[in-house]
Structures are given as C-alpha cells and as structure tokens.
$ cat data33.txt   # compact mmCIF, C-alpha atoms
# COMPACT_ATOMS: atom_id res chain seq x y z
CA LYS A 36 0.35 -17.03 -1.66
CA MET A 37 3.27 -15.32 -3.38
CA LEU A 38 1.46 -15.04 -6.69
CA ARG A 39 -1.54 -13.47 -5.01
CA LYS A 40 0.69 -11.00 -3.18
CA CYS A 41 2.33 -10.21 -6.52
CA ALA A 42 -1.11 -9.37 -7.92
CA LEU A 43 -1.44 -6.61 -5.33
CA HIS A 44 1.37 -4.48 -6.74
CA VAL A 45 -0.16 -1.11 -7.61
CA HIS A 46 0.44 -1.40 -11.34
CA ARG A 47 -1.46 -4.71 -11.39
CA TRP A 48 -4.59 -3.48 -9.65
CA GLY A 49 -6.30 -2.76 -12.94
CA SER A 50 -8.98 -0.18 -13.71
CA PRO A 51 -10.13 1.94 -12.01
CA TRP A 52 -7.85 1.40 -9.00
CA SER A 53 -4.38 2.02 -10.47
CA GLN A 54 -5.47 5.33 -11.98
CA TYR A 55 -5.19 7.02 -8.58
CA TYR A 56 -1.39 6.80 -8.84
CA THR A 57 1.40 7.92 -11.14
CA LEU A 58 3.68 4.92 -11.65
CA ILE A 59 7.44 5.06 -12.26
CA PRO A 60 8.85 1.65 -13.32
CA ILE A 61 11.87 0.15 -11.54
CA SER A 62 14.05 -2.20 -13.59
CA PRO A 63 15.64 -5.33 -12.06
CA LYS A 64 19.03 -3.56 -12.02
CA GLN A 65 17.55 -0.51 -10.30
CA LEU A 66 15.82 -2.79 -7.79
CA ARG A 67 19.12 -4.44 -6.87
CA LEU A 68 20.72 -1.01 -6.46
CA MET A 69 17.84 -0.03 -4.17
CA TYR A 70 18.45 -3.11 -2.05
CA THR A 71 22.18 -2.31 -1.80
CA ALA A 72 21.33 1.23 -0.74
CA CYS A 73 18.97 -0.14 1.94
CA GLU A 74 21.68 -2.48 3.22
CA THR A 75 24.16 0.38 3.59
CA LEU A 76 21.62 3.12 4.45
CA ASP A 77 23.13 5.08 1.56
CA SER A 78 20.49 7.25 -0.09
CA GLN A 79 23.25 9.35 -1.65
CA MET A 80 24.14 6.45 -3.91
CA LEU A 81 20.64 6.56 -5.43
CA ALA A 82 20.77 10.35 -5.57
CA GLU A 83 23.93 10.30 -7.69
CA CYS A 84 24.00 7.11 -9.77
CA GLU A 85 23.21 7.34 -13.47
CA GLU A 86 20.83 4.36 -13.29
CA TYR A 87 18.41 6.40 -11.16
CA GLU A 88 18.44 9.58 -13.24
CA VAL A 89 15.14 8.86 -14.99
CA ILE A 90 13.47 7.95 -11.69
CA ARG A 91 14.76 11.11 -9.99
CA ASN A 92 13.64 13.30 -12.87
CA SER A 93 10.20 11.67 -12.97
CA VAL A 94 9.66 12.23 -9.25
CA GLN A 95 10.83 15.83 -9.53
CA LYS A 96 8.48 16.47 -12.44
CA MET A 97 5.51 15.39 -10.35
CA LEU A 98 6.75 17.44 -7.39
CA ASP A 99 6.91 20.48 -9.67
CA GLU A 100 3.21 19.95 -10.38
CA HIS A 101 1.95 19.11 -6.88
CA SER A 102 4.73 20.15 -4.40
CA VAL A 103 3.81 17.45 -1.84
CA LEU A 104 3.21 13.77 -2.63
CA PHE A 105 2.36 10.45 -1.05
CA PHE A 106 4.60 7.62 -2.21
CA LYS A 107 5.02 3.89 -1.81
CA LEU A 108 6.87 1.09 -3.49
CA SER A 109 4.37 -0.74 -5.67
CA SER A 110 3.87 -3.46 -3.06
CA VAL A 111 4.68 -1.82 0.30
CA SER A 112 4.97 1.59 2.01
CA CYS A 113 7.67 2.95 4.32
CA LYS A 114 5.31 3.34 7.28
CA ASP A 115 7.94 1.78 9.55
CA VAL A 116 10.18 4.85 9.15
CA ALA A 117 9.74 7.51 11.82
CA GLY A 118 8.21 10.78 10.66
CA ASP A 119 9.31 14.30 11.55
CA GLU A 120 7.88 17.79 11.88
CA PHE A 121 6.97 17.74 8.17
CA GLY A 122 4.90 14.58 8.53
CA PRO A 123 5.18 10.82 8.00
CA ALA A 124 8.08 9.45 5.96
CA PHE A 125 5.81 8.66 3.00
CA LYS A 126 4.86 12.35 2.71
CA ILE A 127 7.52 13.82 0.46
CA ASN A 128 8.42 17.28 -0.83
CA SER A 129 11.77 16.42 -2.40
CA VAL A 130 13.51 13.61 -4.25
CA SER A 131 16.07 13.33 -1.46
CA ARG A 132 13.33 12.80 1.16
CA LEU A 133 11.85 9.98 -0.92
CA LEU A 134 15.22 8.27 -1.32
CA ARG A 135 16.01 8.59 2.40
CA SER A 136 12.65 7.10 3.30
CA VAL A 137 13.26 4.19 0.92
CA VAL A 138 16.69 3.23 2.28
CA TYR A 139 15.64 3.52 5.95
CA SER A 140 12.57 1.30 5.50
CA PHE A 141 13.08 -2.27 6.68
CA ARG A 142 9.69 -3.13 5.16
CA ILE A 143 10.89 -2.06 1.70
CA MET A 144 14.25 -3.80 2.12
CA SER A 145 12.55 -7.02 3.24
CA GLU A 146 10.09 -6.90 0.34
CA ILE A 147 12.89 -6.54 -2.21
CA GLU A 148 14.96 -9.23 -0.52
CA ASP A 149 12.13 -11.75 -0.96
CA ASP A 150 12.50 -11.38 -4.72
CA LEU A 151 16.29 -11.18 -4.89
CA ASP A 152 16.62 -14.40 -2.86
CA GLU A 153 14.42 -16.38 -5.26
CA ASP A 154 16.11 -19.15 -7.25
CA GLU A 155 15.98 -18.44 -10.97
CA SER A 156 13.99 -21.66 -11.47
CA SER A 157 11.23 -20.41 -9.17
CA LYS A 158 11.54 -16.69 -9.88
CA LYS A 159 8.13 -15.09 -10.21
CA ASN A 160 9.61 -12.39 -12.45
CA ASP A 161 8.12 -9.67 -10.30
CA ASP A 162 8.43 -6.09 -11.39
CA TYR A 163 8.22 -3.00 -9.20
CA CYS A 164 7.46 0.68 -9.49
CA ILE A 165 7.39 3.82 -7.37
CA ALA A 166 3.76 4.88 -6.94
CA LEU A 167 2.99 8.57 -6.36
CA CYS A 168 -0.13 10.63 -5.83
CA PRO A 169 -0.81 14.20 -4.64
CA TRP A 170 -0.82 14.58 -0.87
CA ARG A 171 -4.22 15.54 0.54
CA ASP A 172 -4.37 17.59 3.74
CA ASP A 173 -8.17 17.65 3.56
CA ILE A 174 -8.48 14.00 4.60
CA ASP A 175 -8.74 13.32 8.32
CA PRO A 176 -6.83 10.16 9.39
CA GLU A 177 -9.61 9.54 11.92
CA THR A 178 -11.88 8.63 9.00
CA GLU A 179 -9.60 5.92 7.59
CA VAL A 180 -11.03 2.38 7.68
CA ARG A 181 -9.52 -0.98 6.77
CA LEU A 182 -11.94 -3.40 5.11
CA LEU A 183 -11.21 -7.10 5.43
CA VAL A 184 -12.62 -8.93 2.43
CA VAL A 185 -12.75 -12.72 2.09
CA GLU A 186 -13.85 -14.20 -1.26
CA GLY A 187 -15.49 -10.93 -2.27
CA THR A 188 -17.44 -10.52 0.97
CA LEU A 189 -16.84 -7.82 3.58
CA VAL A 190 -16.10 -9.62 6.85
CA ALA A 191 -15.16 -6.65 9.03
CA ALA A 192 -14.37 -2.93 8.86
CA ILE A 193 -11.87 -1.52 11.36
CA ARG A 194 -11.14 2.13 12.17
CA GLN A 195 -7.41 2.57 11.68
CA THR A 196 -6.80 4.98 14.57
CA THR A 197 -8.82 3.19 17.25
CA GLY A 198 -9.23 -0.42 16.13
CA ALA A 199 -13.00 -0.16 16.69
CA LEU A 200 -15.41 -1.98 14.40
CA VAL A 201 -17.56 0.09 12.06
CA SER A 202 -21.30 -0.54 12.37
CA GLY A 203 -24.70 0.88 11.49
CA GLU A 204 -25.28 3.07 8.44
CA GLU A 205 -21.56 3.34 7.69
CA MET A 206 -21.17 -0.44 7.69
CA ALA A 207 -24.13 -0.78 5.35
CA ALA A 208 -22.53 1.71 2.95
CA LEU A 209 -19.25 -0.22 3.08
CA GLU A 210 -21.03 -3.50 2.37
CA ASN A 211 -22.66 -1.92 -0.67
CA PHE A 212 -19.28 -0.58 -1.80
CA ILE A 213 -17.66 -4.02 -1.61
CA SER A 214 -20.62 -5.74 -3.26
CA ALA A 215 -20.53 -3.30 -6.17
CA ASN A 216 -16.75 -3.26 -6.64
CA ALA A 217 -15.39 -6.66 -5.58
CA PRO A 218 -15.62 -8.10 -9.12
CA SER A 219 -13.00 -5.57 -10.25
CA PHE A 220 -10.62 -6.11 -7.30
CA PRO A 221 -7.24 -7.67 -8.21
CA GLU A 222 -7.93 -10.53 -5.75
CA PRO A 223 -11.11 -11.76 -4.04
CA THR A 224 -9.44 -11.93 -0.60
CA LEU A 225 -7.57 -8.83 0.50
CA ALA A 226 -7.58 -5.75 2.74
CA VAL A 227 -8.98 -2.52 1.29
CA ASP A 228 -8.17 0.85 2.86
CA VAL A 229 -10.72 3.63 2.40
CA TYR A 230 -11.74 7.01 3.85
CA LEU A 231 -15.28 7.71 5.01
CA LYS A 232 -16.78 11.17 4.45
CA LYS A 233 -20.24 12.66 4.77
CA ASN A 234 -21.74 14.48 1.79
CA SER A 235 -24.14 17.44 1.94
CA GLN A 236 -27.06 15.03 2.49
CA ASP A 237 -25.23 13.44 5.46
CA GLU A 238 -24.77 10.26 3.46
CA THR A 239 -21.57 8.20 3.75
CA HIS A 240 -19.15 8.78 0.89
CA ILE A 241 -16.32 6.27 0.42
CA GLU A 242 -12.91 7.14 -1.06
CA PHE A 243 -10.49 4.38 -2.04
CA ILE A 244 -6.87 4.45 -0.78
CA GLU A 245 -5.17 1.14 -1.54
CA PHE A 246 -5.19 -2.66 -1.44
CA ASN A 247 -3.02 -4.82 0.83
CA PRO A 248 -2.54 -8.59 1.25
CA LEU A 249 -4.95 -9.81 3.90
CA ASP A 250 -2.49 -12.20 5.55
CA GLU A 251 -0.37 -9.24 6.71
CA GLU A 252 -3.34 -7.75 8.52
CA LEU A 253 -4.48 -10.74 10.62
CA ASP A 254 -2.60 -9.74 13.77
CA THR A 255 -4.03 -6.23 13.60
CA PHE A 256 -7.48 -7.65 13.08
CA GLY A 257 -7.24 -10.13 15.95
CA ALA A 258 -5.93 -7.46 18.32
CA SER A 259 -8.92 -5.25 17.56
CA LEU A 260 -11.54 -7.90 18.25
CA PRO A 261 -11.03 -9.17 21.81
CA SER A 262 -14.81 -9.00 22.38
CA ASN A 263 -15.72 -10.93 19.22
CA PRO A 264 -13.66 -14.17 19.19
CA GLN A 265 -16.17 -15.96 16.93
CA LEU A 266 -15.79 -13.42 14.14
CA SER A 267 -12.03 -13.25 14.61
CA SER A 268 -11.74 -17.03 14.46
CA ALA A 269 -13.93 -17.23 11.35
CA LEU A 270 -11.89 -14.65 9.48
CA THR A 271 -8.58 -16.20 10.48
CA ARG A 272 -9.77 -19.64 9.37
CA GLU A 273 -11.05 -18.43 6.00
CA ALA A 274 -8.05 -16.20 5.28
CA CYS A 275 -5.53 -18.87 6.23
CA LYS A 276 -7.33 -21.38 4.02
CA HIS A 277 -7.22 -18.92 1.11
CA TRP A 278 -3.60 -17.73 1.51
CA LEU A 279 -1.62 -20.52 3.11
CA LEU A 280 -2.80 -23.72 1.47

$ encode --input "data33.txt" --output "structure tokens"
Amino acid sequence: KMLRKCALHVHRWGSPWSQYYTLIPISPKQLRLMYTACETLDSQMLAECEEYEVIRNSVQKMLDEHSVLFFKLSSVSCKDVAGDEFGPAFKINSVSRLLRSVVYSFRIMSEIEDDLDEDESSKKNDDYCIALCPWRDDIDPETEVRLLVVEGTLVAAIRQTTGALVSGEEMAALENFISANAPSFPEPTLAVDVYLKKNSQDETHIEFIEFNPLDEELDTFGASLPSNPQLSSALTREACKHWLL
C-alpha cells in the first residue's frame, strides 16, 4: 500500500499529468524542518531559516508571474485548514500564506510523520516537493467530480459538492476519458479529480486536476451511495483487495 501511495506524489505522476504543476523539491533536511514547524505551529521559522531560502525564492518567482496560486505538498493538500475572506488555505498570494497553511495542516504534518517514523531498514526513501499551479477563478467548484478507478476501470463518478453520482452523457464521457488515459496513470487503482465543462457544441469537456490514493476516499464514497449498497460493496471489496493485501 505504502509504495502505491508513494507513486501518487505529483512528481511521480509522469507525462502528461505532472506538467500541470511547477515542482519545488524538498530535501530530507527541509522536510524535517517542516515537520518541526508543524509541531510548534511556527511558520516564522521556515520564513527565516537559510535552509528554506531557495524554496521561498522559487515560490515568490512564480507568484511574481501569476499573483495567485494553488499549492499542495506533493502527496497531500492543506484542505483541513480553515479558509478566510481571500479563499481556501491552498489559495496563496504570498510566501507567508503558503508557510502558514503548511504548518497549520494536520494532514501535511501526519503525512510527513509517516516517513520520519520509518525505520531506516524499511525506509521507502520518499522524496517530497511543493507543487504549484496558477489559480483559476474561471472554474466552478460545482463542476468538480471525483472518479473512482479500480484496475483501470471507472467504477463511479461523484460530484464533489453534493455527493451525487454522475450519469448519462457526462458519465459516458468520463468512461471514455478513463478508457483512453488509464494506461498512463501512475497506478491502475486510484481516485482522479476532474472538472466538467461544456464546449460550444454542448459536449462534455474534461479537465484534469489531480490523483489521490483510493483508500483515502472510501468513506466519502460510501457516504454518498446509501441508495446503491451493491455498488458501494463491490468497490470497497475491490479497493481493499488491491490496497490492503
């Protein structure tokens, strides 16, 4: 399971998926400093220490080009951190906002801790990066869909804001998207987040967002399918067989 999760770090997605992001590498020493900052909720330490100078400058350079960015750690976002009047915590317009969002994210701290707690004999030698891309205000969150893929096959598509299942012409387009692209996915069993848009011919256009480990999405999936226990049970059985054995 851990090796498969490791494969879903942004910089390991491969072409064409990683190209959507600008990647800033994080060294093992920088990762340990990040964990210490998370433990103490001290973003100022990362804002001032010499070890983070290259990271800070790289983030600022991209902000100079795009002014507002989306960011995540290579394997997890800070979606557990409360947003404010500017937007969600992963929407950044300054280096200091990014660093604050990092240190206040329990999800990021927990992800790092999993690696730091590994015995050297079993260390998977994971590497991390900060992943950035321009923020897009033209995308409506109501159109975001999570695709649950098991062994290269689309099992279900769930609207992120309502938990409703996608069906009809949109589902057919999503099935075609998975069929065409699954061979290039970093893993055959995973969750794929996309946006759905209509083009000028009223056809469904699909825009990729990111990959996530499927095992982390099972509770969300089950909660959204109270009226379809057979499908929920089938997905849970197949995903657990793939990830947990």

$ residues_around --input "data33.txt" --residues "region 73-90 of chain A" --least-positions-apart "5" --cutoff "7 Å" --atoms "all atoms listed in the file" --output "VMD selection string"
chain A and resid 59 65 131 134 to 135 138 to 139 144

$ write_last_selection --input "data33.txt" --atoms "C-alpha atoms" --output "mmCIF file, in the frame of the given file"
data_model
loop_
_atom_site.group_PDB
_atom_site.id
_atom_site.type_symbol
_atom_site.label_atom_id
_atom_site.label_comp_id
_atom_site.auth_asym_id
_atom_site.auth_seq_id
_atom_site.Cartn_x
_atom_site.Cartn_y
_atom_site.Cartn_z
ATOM 1 C CA ILE A 59 7.440 5.060 -12.260
ATOM 2 C CA GLN A 65 17.550 -0.510 -10.300
ATOM 3 C CA SER A 131 16.070 13.330 -1.460
ATOM 4 C CA LEU A 134 15.220 8.270 -1.320
ATOM 5 C CA ARG A 135 16.010 8.590 2.400
ATOM 6 C CA VAL A 138 16.690 3.230 2.280
ATOM 7 C CA TYR A 139 15.640 3.520 5.950
ATOM 8 C CA MET A 144 14.250 -3.800 2.120
#

$ closest_residue --input "data33.txt" --among "A:Tyr56, A:Glu120, A:Thr239, A:Ala208" --to "Trp170 (chain A)" --atoms "all atoms listed in the file"
A:Tyr56

$ atom_distance --input "data33.txt" --atom1 "CA of Ile193 (chain A)" --atom2 "CA of Val180 (chain A)"
5.4 Å

$ closest_residue --input "data33.txt" --among "A:Lys232, A:Arg194, A:Arg67, A:Arg47" --to "Ser109 (chain A)" --atoms "only C-alpha atoms"
A:Arg47

$ closest_residue --input "data33.txt" --among "A:Ile61, A:Val94, A:Leu66, A:Val45" --to "Ile147 (chain A)" --atoms "all atoms listed in the file"
A:Leu66

$ atom_distance --input "data33.txt" --atom1 "CA of Asp115 (chain A)" --atom2 "CA of Gln54 (chain A)"
25.6 Å

$ residues_around --input "data33.txt" --residues "Thr196 (chain A)" --least-positions-apart "6" --cutoff "9 Å" --atoms "only C-alpha atoms" --output "MDAnalysis selection string"
chainID A and resid 176:180

$ residues_around --input "data33.txt" --residues "Phe243 (chain A)" --least-positions-apart "6" --cutoff "9 Å" --atoms "only C-alpha atoms" --output "PyMOL selection string"
chain A and resi 52+55+227-230

$ decode --input "data33.txt" --residues "region 107-133 of chain A" --atoms "N, CA and C atoms" --output "short mmCIF file (atom, residue, chain, number, x, y, z; two decimals), in the first residue's frame"
data_model
loop_
_atom_site.label_atom_id
_atom_site.label_comp_id
_atom_site.auth_asym_id
_atom_site.auth_seq_id
_atom_site.Cartn_x
_atom_site.Cartn_y
_atom_site.Cartn_z
N LYS A 107 0.05 22.50 -3.09
CA LYS A 107 -0.09 21.31 -2.25
C LYS A 107 1.30 20.74 -2.02
N LEU A 108 1.46 19.99 -0.93
CA LEU A 108 2.62 19.15 -0.82
C LEU A 108 2.46 18.07 -1.88
N SER A 109 3.54 17.47 -2.32
CA SER A 109 3.46 16.55 -3.45
C SER A 109 2.46 15.43 -3.24
N SER A 110 2.18 15.06 -1.99
CA SER A 110 1.31 13.93 -1.73
C SER A 110 0.00 14.29 -1.06
N VAL A 111 -0.18 15.53 -0.59
CA VAL A 111 -1.37 15.88 0.18
C VAL A 111 -1.55 17.40 0.17
N SER A 112 -2.82 17.84 0.25
CA SER A 112 -3.10 19.28 0.32
C SER A 112 -3.44 19.68 1.75
N CYS A 113 -3.58 20.98 1.97
CA CYS A 113 -3.90 21.51 3.30
C CYS A 113 -5.40 21.83 3.40
N LYS A 114 -6.25 20.98 2.83
CA LYS A 114 -7.67 21.28 2.80
C LYS A 114 -8.31 21.21 4.18
N ASP A 115 -7.58 20.72 5.18
CA ASP A 115 -8.11 20.70 6.54
C ASP A 115 -7.96 22.05 7.25
N VAL A 116 -7.21 22.97 6.66
CA VAL A 116 -7.01 24.29 7.27
C VAL A 116 -8.16 25.22 6.85
N ALA A 117 -8.73 25.91 7.81
CA ALA A 117 -9.85 26.81 7.53
C ALA A 117 -9.42 27.94 6.60
N GLY A 118 -10.28 28.28 5.66
CA GLY A 118 -10.02 29.39 4.77
C GLY A 118 -10.40 30.72 5.41
N ASP A 119 -10.31 31.78 4.62
CA ASP A 119 -10.66 33.11 5.11
C ASP A 119 -11.32 33.89 3.98
N GLU A 120 -11.41 35.21 4.14
CA GLU A 120 -12.09 36.01 3.12
C GLU A 120 -11.38 35.96 1.77
N PHE A 121 -10.10 35.62 1.76
CA PHE A 121 -9.37 35.52 0.50
C PHE A 121 -9.69 34.22 -0.24
N GLY A 122 -10.02 33.18 0.52
CA GLY A 122 -10.32 31.90 -0.09
C GLY A 122 -9.80 30.76 0.75
N PRO A 123 -9.78 29.54 0.20
CA PRO A 123 -9.26 28.38 0.93
C PRO A 123 -7.77 28.52 1.21
N ALA A 124 -7.29 27.75 2.19
CA ALA A 124 -5.89 27.88 2.63
C ALA A 124 -4.91 27.54 1.53
N PHE A 125 -5.32 26.68 0.57
CA PHE A 125 -4.40 26.30 -0.50
C PHE A 125 -4.40 27.30 -1.66
N LYS A 126 -5.14 28.39 -1.53
CA LYS A 126 -5.08 29.51 -2.48
C LYS A 126 -4.14 30.54 -1.88
N ILE A 127 -3.01 30.77 -2.52
CA ILE A 127 -1.99 31.62 -1.90
C ILE A 127 -1.65 32.82 -2.78
N ASN A 128 -1.34 33.93 -2.12
CA ASN A 128 -0.87 35.13 -2.81
C ASN A 128 0.41 35.67 -2.18
N SER A 129 1.01 34.88 -1.29
CA SER A 129 2.27 35.27 -0.67
C SER A 129 2.97 34.04 -0.14
N VAL A 130 4.28 34.16 0.02
CA VAL A 130 5.06 33.06 0.59
C VAL A 130 4.62 32.80 2.03
N SER A 131 4.37 33.86 2.77
CA SER A 131 3.98 33.70 4.18
C SER A 131 2.66 32.95 4.31
N ARG A 132 1.72 33.19 3.39
CA ARG A 132 0.44 32.47 3.46
C ARG A 132 0.66 30.98 3.21
N LEU A 133 1.52 30.63 2.25
CA LEU A 133 1.82 29.24 1.99
C LEU A 133 2.42 28.58 3.23
#
